[in-house]
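Pasted below: final.csv, CSV, C-alpha atoms.
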```csv
chain,number,residue,atom,x,y,z
A,555,TYR,CA,41.5,63.2,38.1
A,556,LEU,CA,42.0,60.7,35.3
A,557,ARG,CA,41.6,61.3,31.6
A,558,SER,CA,41.6,58.7,28.9
A,559,VAL,CA,42.2,60.9,25.9
A,560,ASP,CA,44.6,59.7,23.3
A,561,VAL,CA,47.4,62.2,23.3
A,562,GLY,CA,47.9,61.7,19.6
A,563,LEU,CA,44.5,63.2,18.8
A,564,SER,CA,45.9,66.7,19.1
A,565,GLY,CA,49.2,65.9,17.5
A,566,TYR,CA,50.4,63.3,15.0
A,567,LYS,CA,46.9,61.8,14.5
A,568,ALA,CA,45.4,65.2,13.8
A,569,ARG,CA,48.2,65.9,11.4
A,570,HIS,CA,47.6,62.6,9.7
A,571,ASN,CA,43.9,63.3,9.3
A,572,LEU,CA,44.6,66.8,8.0
A,573,ALA,CA,46.9,65.2,5.4
A,574,MET,CA,44.2,62.8,4.3
A,575,LEU,CA,41.9,65.8,3.8
A,576,TYR,CA,44.6,67.5,1.8
A,577,LEU,CA,45.0,64.4,-0.3
A,578,ASP,CA,41.2,64.3,-1.0
A,579,GLN,CA,41.6,67.9,-2.2
A,580,GLN,CA,44.5,66.9,-4.5
A,581,ARG,CA,46.9,69.0,-2.4
A,582,ALA,CA,49.8,66.5,-2.2
A,583,ARG,CA,52.5,69.0,-1.2
A,584,GLU,CA,50.5,70.2,1.9
A,585,ALA,CA,49.7,66.5,2.7
A,586,ALA,CA,53.3,65.5,2.6
A,587,ALA,CA,54.3,68.4,4.9
A,588,GLU,CA,51.8,67.3,7.5
A,589,LEU,CA,52.8,63.7,7.2
A,590,ARG,CA,56.4,64.5,7.7
A,591,LEU,CA,55.5,66.4,10.9
A,592,ALA,CA,53.4,63.4,12.0
A,593,VAL,CA,56.1,60.8,11.5
A,594,THR,CA,58.7,63.1,13.1
A,595,GLU,CA,56.4,63.4,16.2
A,596,GLU,CA,55.6,59.6,16.2
A,597,PRO,CA,58.0,57.5,14.1
A,598,GLY,CA,56.0,54.3,14.8
A,599,PHE,CA,52.7,55.5,13.2
A,600,VAL,CA,52.6,53.4,10.1
A,601,PRO,CA,49.5,54.9,8.4
A,602,SER,CA,51.4,58.2,8.0
A,603,TRP,CA,54.5,56.5,6.7
A,604,MET,CA,52.4,54.6,4.1
A,605,ALA,CA,50.7,57.7,2.9
A,606,LEU,CA,54.0,59.6,2.8
A,607,ALA,CA,55.6,56.8,0.8
A,608,GLU,CA,52.7,56.7,-1.6
A,609,ILE,CA,53.0,60.4,-2.3
A,610,GLY,CA,56.8,60.0,-2.7
A,611,ARG,CA,56.3,57.0,-5.0
A,612,ARG,CA,53.9,58.9,-7.2
A,613,GLU,CA,56.1,62.0,-7.4
A,614,GLY,CA,59.3,60.0,-8.0
A,615,ARG,CA,60.7,61.0,-4.6
A,616,LEU,CA,60.3,57.7,-2.6
A,617,GLY,CA,64.0,57.8,-1.8
A,618,GLU,CA,63.6,61.0,0.3
A,619,THR,CA,60.8,59.3,2.3
A,620,LEU,CA,63.0,56.2,2.8
A,621,GLU,CA,65.9,58.3,4.0
A,622,LEU,CA,63.7,60.1,6.5
A,623,ALA,CA,62.4,56.7,7.7
A,624,ARG,CA,66.0,55.4,8.1
A,625,ARG,CA,66.9,58.5,10.2
A,626,LEU,CA,63.8,58.5,12.4
A,627,CYS,CA,63.3,54.7,12.8
A,628,SER,CA,66.9,53.6,13.6
A,629,GLY,CA,65.9,53.0,17.3
A,630,ASP,CA,62.9,51.8,19.2
A,631,GLY,CA,62.8,48.5,17.4
A,632,LEU,CA,61.6,50.2,14.1
A,633,ALA,CA,64.6,49.5,11.9
A,634,GLY,CA,62.5,47.4,9.6
A,635,LEU,CA,60.1,50.2,8.8
A,636,PRO,CA,61.9,51.5,5.7
A,637,ALA,CA,61.9,48.0,4.2
A,638,LEU,CA,58.1,47.8,4.9
A,639,LEU,CA,57.7,51.0,3.0
A,640,GLU,CA,59.7,49.7,0.1
A,641,ALA,CA,57.6,46.5,0.1
A,642,ARG,CA,54.5,48.5,-0.2
A,643,ALA,CA,55.9,50.5,-3.1
A,644,ALA,CA,56.9,47.2,-4.8
A,645,TYR,CA,53.4,45.9,-4.3
A,646,ASP,CA,51.9,49.1,-5.8
A,647,ASP,CA,54.2,48.8,-8.7
A,648,GLY,CA,53.1,45.2,-9.4
A,649,GLN,CA,56.4,43.6,-8.1
A,650,VAL,CA,54.4,41.3,-5.8
A,651,GLU,CA,57.0,38.6,-5.4
A,652,ALA,CA,59.6,41.2,-4.4
A,653,CYS,CA,57.1,42.6,-2.0
A,654,VAL,CA,56.8,39.3,-0.1
A,655,ARG,CA,60.6,39.1,0.2
A,656,MET,CA,60.8,42.7,1.4
A,657,VAL,CA,58.0,42.3,4.0
A,658,ARG,CA,59.8,39.3,5.4
A,659,HIS,CA,63.0,41.3,5.5
A,660,ALA,CA,61.2,44.1,7.3
A,661,ILE,CA,59.9,41.8,9.9
A,662,GLY,CA,63.4,40.5,10.6
A,663,GLY,CA,64.6,44.1,10.9
A,664,GLY,CA,62.1,45.0,13.6
A,665,LEU,CA,58.8,46.8,13.4
A,666,GLY,CA,57.9,47.5,17.0
A,667,THR,CA,54.2,47.2,17.4
A,668,ASN,CA,53.6,47.3,13.7
A,669,LEU,CA,53.8,43.6,12.8
A,670,GLY,CA,50.1,43.6,11.9
A,671,HIS,CA,50.7,46.1,9.1
A,672,ALA,CA,53.5,43.9,7.7
A,673,ARG,CA,51.4,40.7,7.9
A,674,ARG,CA,48.4,42.5,6.3
A,675,LEU,CA,50.6,43.5,3.3
A,676,GLU,CA,52.2,40.0,3.2
A,677,SER,CA,48.8,38.3,3.1
A,678,HIS,CA,47.6,40.6,0.3
A,679,ALA,CA,50.7,39.8,-1.7
A,680,LEU,CA,50.4,36.1,-1.2
A,681,LEU,CA,46.7,36.1,-2.1
A,682,ARG,CA,47.5,38.2,-5.2
A,683,LEU,CA,50.1,35.6,-6.2
A,684,GLY,CA,47.6,32.8,-5.7
A,685,ARG,CA,49.7,31.3,-2.9
A,686,ILE,CA,46.6,30.6,-0.8
A,687,ALA,CA,48.0,27.8,1.4
A,688,GLU,CA,51.0,30.1,2.3
A,689,ALA,CA,48.6,33.0,3.1
A,690,VAL,CA,46.5,31.1,5.6
A,691,PRO,CA,49.1,31.0,8.5
A,692,VAL,CA,49.9,34.7,7.8
A,693,LEU,CA,46.2,35.6,8.0
A,694,ARG,CA,45.9,33.6,11.2
A,695,GLU,CA,48.8,35.5,12.7
A,696,LEU,CA,47.3,38.8,11.6
A,697,LEU,CA,44.0,37.9,13.3
A,698,HIS,CA,45.9,37.0,16.5
A,699,LEU,CA,47.6,40.4,16.3
A,700,VAL,CA,44.4,42.3,15.2
A,701,PRO,CA,41.4,40.2,16.1
A,702,GLN,CA,38.9,42.8,14.9
A,703,ASP,CA,40.4,43.0,11.3
A,704,GLU,CA,37.2,42.2,9.3
A,705,GLU,CA,39.1,42.1,6.0
A,706,ALA,CA,41.5,39.5,7.3
A,707,GLN,CA,38.6,37.4,8.7
A,708,SER,CA,36.9,37.5,5.3
A,709,ASN,CA,40.1,36.7,3.5
A,710,LEU,CA,40.9,33.7,5.8
A,711,ARG,CA,37.4,32.4,5.4
A,712,LEU,CA,37.6,32.6,1.6
A,713,ALA,CA,41.1,31.1,1.6
A,714,LEU,CA,40.0,28.2,3.7
A,715,GLN,CA,37.0,27.6,1.4
A,716,GLU,CA,39.3,27.7,-1.7
A,717,LEU,CA,41.7,25.2,-0.1
A,718,GLY,CA,38.7,23.0,0.8
A,719,THR,CA,37.5,22.9,-2.8
A,720,LYS,CA,41.0,22.0,-4.1
A,721,ARG,CA,41.3,18.9,-1.8
```
Could I get this file's structure written as structure tokens?
Amino acid sequence: YLRSVDVGLSGYKARHNLAMLYLDQQRAREAAAELRLAVTEEPGFVPSWMALAEIGRREGRLGETLELARRLCSGDGLAGLPALLEARAAYDDGQVEACVRMVRHAIGGGLGTNLGHARRLESHALLRLGRIAEAVPVLRELLHLVPQDEEAQSNLRLALQELGTKR
């Protein structure tokens, strides 16, 4: 008897989805509690970390989230995850150049299977800075990692068009 049910659906992914519902209802405290449980169960689940970091950033408690990330992600090749969360906060705060440096540092620290999340953020930052030629190889790598990423496909197409008009 074989089952192909994602075990996360009744655990960390369910908690993440409940947290998103709480956020839609402006219930940040309950959302943060569910997200903490989700990342405790599955430290490599970046969407929950990003949402938790965003809540922490808005409430002036990003440091708590980063400390939790450092504790939970010290093994399993995830040591770069706290730096990725810091990079996202820098991006959201308009510190886009710093974001690029932090993403690259995060990649060097190890992200497990989460390199696609880092490359997506890096591509957004490079495009926002107008560094289109530098964004193209990042977008290509992202599409190698996540071939179905429609946003990356569109961004790469637009970047290549923009580079073509400048030459």
Pick the closest to Val650 of chain A from A:Leu622, A:Leu589, A:Leu680, A:Leu616: which is it, counting only C-alpha atoms? A:Leu680
Which residues, written as an NGL selection string, have at least one atom at most 12 Å from Val700 of chain A, with only C-alpha atoms counted and residues fewer than 2 positions away on the same chain left out? :A and (667-674 or 692-698 or 702-707)
Would you compute the distance between atom CA of Met656 of chain A and atom CA of Lys567 of chain A? Give it in Å to one decimal.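 It comes out at 27.0 Å.
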Nearby residues, (49.8, 43.0, 1.6) file frame, 10 Å, all atoms listed in the file, as a PyMOL selection string: chain A and resi 641-642+645-646+650+653-654+657+671-682
Of the candidates A:Gly663, A:Gly565, A:Gly648, A:Gly614, which shows the shortest atom-to-atom distance to Ser628 of chain A, using all atoms listed in the file? A:Gly663
Enter the distance from atom CA of Leu714 of chain A to atom CA of Val690 of chain A, in Å, rounded to one decimal.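 Pair atom CA of Leu714 of chain A / atom CA of Val690 of chain A returns 7.4 Å.
Of the listed residues (A:Ala687, A:Thr594, A:Ala637, A:Asp647), A:Ala637 comes nearest to Ala660 of chain A; the distances count all atoms listed in the file.
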Excluding Leu572 of chain A and residues on its chain fewer than 2 positions from it, collect all residues at most 12 Å away from it, counting only C-alpha atoms, and give them as a PDB file with C-alpha atoms, in the frame of the given file.
```pdb
ATOM      1  CA  LEU A 563      44.500  63.200  18.800  1.00  0.00           C
ATOM      2  CA  SER A 564      45.900  66.700  19.100  1.00  0.00           C
ATOM      3  CA  GLY A 565      49.200  65.900  17.500  1.00  0.00           C
ATOM      4  CA  TYR A 566      50.400  63.300  15.000  1.00  0.00           C
ATOM      5  CA  LYS A 567      46.900  61.800  14.500  1.00  0.00           C
ATOM      6  CA  ALA A 568      45.400  65.200  13.800  1.00  0.00           C
ATOM      7  CA  ARG A 569      48.200  65.900  11.400  1.00  0.00           C
ATOM      8  CA  HIS A 570      47.600  62.600   9.700  1.00  0.00           C
ATOM      9  CA  MET A 574      44.200  62.800   4.300  1.00  0.00           C
ATOM     10  CA  LEU A 575      41.900  65.800   3.800  1.00  0.00           C
ATOM     11  CA  TYR A 576      44.600  67.500   1.800  1.00  0.00           C
ATOM     12  CA  LEU A 577      45.000  64.400  -0.300  1.00  0.00           C
ATOM     13  CA  ASP A 578      41.200  64.300  -1.000  1.00  0.00           C
ATOM     14  CA  GLN A 579      41.600  67.900  -2.200  1.00  0.00           C
ATOM     15  CA  ARG A 581      46.900  69.000  -2.400  1.00  0.00           C
ATOM     16  CA  ALA A 582      49.800  66.500  -2.200  1.00  0.00           C
ATOM     17  CA  GLU A 584      50.500  70.200   1.900  1.00  0.00           C
ATOM     18  CA  ALA A 585      49.700  66.500   2.700  1.00  0.00           C
ATOM     19  CA  ALA A 586      53.300  65.500   2.600  1.00  0.00           C
ATOM     20  CA  ALA A 587      54.300  68.400   4.900  1.00  0.00           C
ATOM     21  CA  GLU A 588      51.800  67.300   7.500  1.00  0.00           C
ATOM     22  CA  LEU A 589      52.800  63.700   7.200  1.00  0.00           C
ATOM     23  CA  LEU A 591      55.500  66.400  10.900  1.00  0.00           C
ATOM     24  CA  ALA A 592      53.400  63.400  12.000  1.00  0.00           C
ATOM     25  CA  SER A 602      51.400  58.200   8.000  1.00  0.00           C
TER      26      SER A 602
END
```
